[in-house]
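Trainee: Got a structure for you, questions after.
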Amino acid sequence: MRVFKSSYRDNHGVTHKTKSFYIELRDHRRIIRRLPAFTDKNQSLALGRTIQELVSNRLSGEGLTPALARWLENQSDSTKATLGRWGLIEQTKLTGSKSLREHIADWVESLRAKGVTRARVRVAAYRLNRVAAKAAYWTQLTPELLRTFLKELLETENASALTHNGYVQLIRQFCQWMVREGRAAQSPALSLPMLNAKTDRRHVRRAFSVQELRTLLAATSTGPERYGMSGNERAVMYRLATETGLRAGEIRCLTRQCFKLDDAPPVIELAAEFTKNRQYAVIELRPDTAAMLKEFLADKLPMAAAFNMPPRWNIIDILKADLKAAAIPYADDQGRVLDFHSLRHTCGAWLAASGAHPKVIQSIMRHSTITLTMDTYGHRLMEQESQALAKLPDLSLPPENQSLRATGTHDVSILGQGENNAPACEEKSRRSTWRSGMDFPRIRTNLDGQKAAKGDIHKTRMDGEESIDSIGDSVKAAEGTRTLDLSFTKASLYQLSYGGIM
């Protein structure tokens with residue numbers, strides 16, 4: 001590497017030195033490169049050493065270190081373009097030379113390549129482009145700017161905490177992708193806070209009760225045509241959504257050949273491209289529902305749509321009209337609503353109320369975690385709450401006449417024992433005293449059956465040969481020829497005390 005000032009001649013033939021220094025070095029292809037630097041020689045030398053480090057990384061095939069990535073972000077667009085033209089950095093890592101919208105477009109394409117649904121990609125692009133309206137380039141996307149944007153979202157647009165968190169998650173995903181792709185050194189969204197969405201819920205769903213859903217199906221089946229769907233077709237759709245937990249978008253993608261109604265058991269096969277989690281699903285049907293669907297789909301071709309569903313927003317209008325015809329309020333007194341997705345909530349709630357195992361409910365609902373199953377769809381139905389409350393003790397009844405001993409044990413009359421059973425009660429009291437760890441009086445015992453008075457332990461002849469020295473000690477032979485260990489346990493002492501020896 002060489003750092004120098006270049007010479008040139010003016011129009012009058014006078015030689016001059018350039019004000020800035022130049023850096024000359026060989027790149028990874030052994031080509032001599034020259035780059036203008038600074039007016040200060042030390043700064044120019046530092047720049048040359050950094051570029052040499054880029055050359056070394058390129059030769060070794062390693063990626064940019066965090067220090068090099070941070071340095072590259074702070075360089076001018078012309079410097080980055082020159083390094084990219086030399087091949088020292090990849091064109092995709094020229095962060096400063098691309099606008100933020102261009103980076104967002106690249107990220108959106110990566111989402112499409114991963115198979116993310118068009119609806120989610122559309123929402124992600126819309127929200128991130130709103131952020132890009134505040135910052136034209138990545139270097140302008142600072143934590144302060146992001147916090148200001150989110151604050152305006154809450155105050156100016158009155159967005160909910162759930163919407164706020166959705167923006168934060170998208171911004172974090174995009175920033176992490178930038179770091180992962182080597183386009184940025186670090187994410188500016190790490191310090192963005194998440195709000196508690198449970199304290200600011202704007203659209204709270206509830207589950208149908210059994211009576212409500214039966215009323216809805218009965219009123220809908222005989223109702224008029226709405227948006228190209230007959231009343232019977234809507235009733236079949238509502239019942240299918242409730243019993244299977246299928247989403248509206250998944251039902252819209254069903255064709256006649258998805259229904260395997262002659263199998264045992266009858267099932268619905270849903271391709272991975274139509275499910276929310278992009279996984280192939282097999283959904284079992286009830287036999288009576290399968291018979292109803294077989295009659296309903298009898299005149300449809302294999303590739304024909306199972307239901308003639310209108311666009312998404314018209315589905316909401318259809319259900320609201322059917323609820324009104326069935327005299328069922330769309331929102332209750334607590335503000336909870338009954339929309340189409342409430343049918344899926346009803347499936348999860350009824351499964352939970354039936355006592356099904358949580359893992360079975362998770363499998364039927366096709367959830368990735370059991371937490372989502374129980375927190376979101378474990379609704380407590382009003383009938384279930386009434387049954388649970390009915391099992392509580394009735395505190396309005398007067399107390400029963402009961403007497404307790406001073407020791408806390410029940411009296412004989414409470415135990416249902418008469419006075420004739422006093423010895424048995426005394427026996428039980430002694431057992432309780434022994435188990436409670438209270439001191440038990442030591443009793444000297446003559447093995448011939450004669451009771452000995454309390455006091456110091458003494459020796460008693462036994463069978464003319466052996467003597468007991470003490471309770472719990474060894475029994476030694478009189479002549480000292482042999483020793484018998486009679487280390488008493490609680491059980492053996494209990495037998496000695498209550499087994500008739502005493």
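Going through the structure tokens in order, the chains are called A, B, and so on, while each chain numbers its residues from 1 and the ligands are numbered from 1 in the order shown.
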Would you mind listing what lies within 8 Å of stretch 188-205 of chain A as a PyMOL selection string, with only C-alpha atoms counted and same-chain residues fewer than 3 positions away left out?
Mentor: chain A and resi 141-143+146-147+160-162+164-165+168+171-172+175+335-339+342+345
Trainee: Within 8 Å of stretch 17-26 of chain A, counting only C-alpha atoms, which residues qualify if same-chain residues fewer than 5 places away don't, as an NGL selection string?
Mentor: :A and (1-8 or 31-41 or 44-45 or 48 or 52)
Trainee: How would the residues just picked look written out with N, CA and C atoms as a compact mmCIF listing (two decimals), in the first residue's frame?
Mentor:
# COMPACT_ATOMS: atom_id res chain seq x y z
N MET A 1 0.85 -1.20 0.00
CA MET A 1 0.00 0.00 0.00
C MET A 1 0.88 1.25 0.00
N ARG A 2 0.47 2.26 -0.75
CA ARG A 2 1.22 3.51 -0.81
C ARG A 2 0.24 4.67 -0.69
N VAL A 3 0.61 5.64 0.16
CA VAL A 3 -0.19 6.85 0.35
C VAL A 3 0.65 8.03 -0.13
N PHE A 4 0.12 8.80 -1.02
CA PHE A 4 0.91 9.88 -1.64
C PHE A 4 -0.03 10.97 -2.14
N LYS A 5 0.61 12.09 -2.51
CA LYS A 5 -0.10 13.18 -3.18
C LYS A 5 0.26 13.16 -4.65
N SER A 6 -0.72 13.23 -5.49
CA SER A 6 -0.48 13.18 -6.93
C SER A 6 -0.06 14.56 -7.45
N SER A 7 0.65 14.56 -8.59
CA SER A 7 1.11 15.79 -9.24
C SER A 7 0.34 15.99 -10.53
N TYR A 8 0.13 17.23 -10.87
CA TYR A 8 -0.54 17.56 -12.13
C TYR A 8 -0.04 18.93 -12.62
N ILE A 31 -4.89 -6.58 -8.94
CA ILE A 31 -4.98 -5.40 -9.79
C ILE A 31 -4.67 -4.18 -8.94
N ILE A 32 -3.83 -3.28 -9.45
CA ILE A 32 -3.48 -2.06 -8.72
C ILE A 32 -4.66 -1.09 -8.78
N ARG A 33 -5.08 -0.67 -7.59
CA ARG A 33 -6.21 0.25 -7.49
C ARG A 33 -5.75 1.55 -6.84
N ARG A 34 -6.40 2.64 -7.23
CA ARG A 34 -6.07 3.95 -6.67
C ARG A 34 -7.37 4.63 -6.25
N LEU A 35 -7.34 5.18 -5.02
CA LEU A 35 -8.56 5.77 -4.45
C LEU A 35 -8.20 7.09 -3.77
N PRO A 36 -8.93 8.16 -4.05
CA PRO A 36 -8.67 9.42 -3.35
C PRO A 36 -9.06 9.30 -1.88
N ALA A 37 -8.26 9.92 -1.00
CA ALA A 37 -8.48 9.83 0.45
C ALA A 37 -8.70 11.22 1.03
N PHE A 38 -8.01 11.51 2.14
CA PHE A 38 -8.24 12.75 2.87
C PHE A 38 -7.05 13.69 2.70
N THR A 39 -7.22 14.91 3.16
CA THR A 39 -6.12 15.87 3.15
C THR A 39 -5.11 15.57 4.25
N ASP A 40 -5.56 14.84 5.29
CA ASP A 40 -4.66 14.46 6.38
C ASP A 40 -4.05 13.10 6.06
N LYS A 41 -2.75 13.01 6.23
CA LYS A 41 -2.06 11.78 5.87
C LYS A 41 -2.41 10.63 6.80
N SER A 44 -5.67 9.23 5.91
CA SER A 44 -5.54 8.48 4.66
C SER A 44 -4.91 7.12 4.90
N LEU A 45 -3.92 7.05 5.80
CA LEU A 45 -3.30 5.77 6.13
C LEU A 45 -4.31 4.84 6.80
N GLY A 48 -6.50 3.45 4.18
CA GLY A 48 -5.82 2.42 3.40
C GLY A 48 -5.73 1.10 4.14
N GLN A 52 -7.27 -2.47 3.02
CA GLN A 52 -6.46 -3.69 2.98
C GLN A 52 -7.12 -4.82 3.77
Trainee: Can you measure atom CA of A:Ile268 to atom CA of A:Gly115 for me? One decimal in Å is fine.
Mentor: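 Computing the Euclidean distance for atom CA of A:Ile268 and atom CA of A:Gly115 yields 22.5 Å.
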Trainee: If you run DSSP on this backbone, which residues of stretch 166-257 of chain A come out as helix (DSSP H, G or I), and could you give them as a PyMOL selection string?
Mentor: chain A and resi 166-180+197-199+210-221+231-244+248-252+256-257
Trainee: Would you mind telling me which residue in A:Ala67, A:Val55, A:Leu217, A:Val360 lies nearest to A:Leu323 when using only C-alpha atoms?
Mentor: A:Leu217
Trainee: Take atom CA of A:Met292 and atom CA of A:Arg252 and report the distance between them in Å, one decimal.
Mentor: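 If I compute the distance from atom CA of A:Met292 to atom CA of A:Arg252, I get 18.6 Å.
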Trainee: Atom CA of A:Pro329 and atom CA of A:Thr215, how far apart in Å?
Mentor: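 The value is 12.2 Å.
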Trainee: I need the residue nearest A:Leu100 from this list: A:Leu145, A:Ala133, A:Ala353, A:Leu153. Use only C-alpha atoms for the distance.
Mentor: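 Ranked by minimum distance to A:Leu100, first place goes to A:Ala133.
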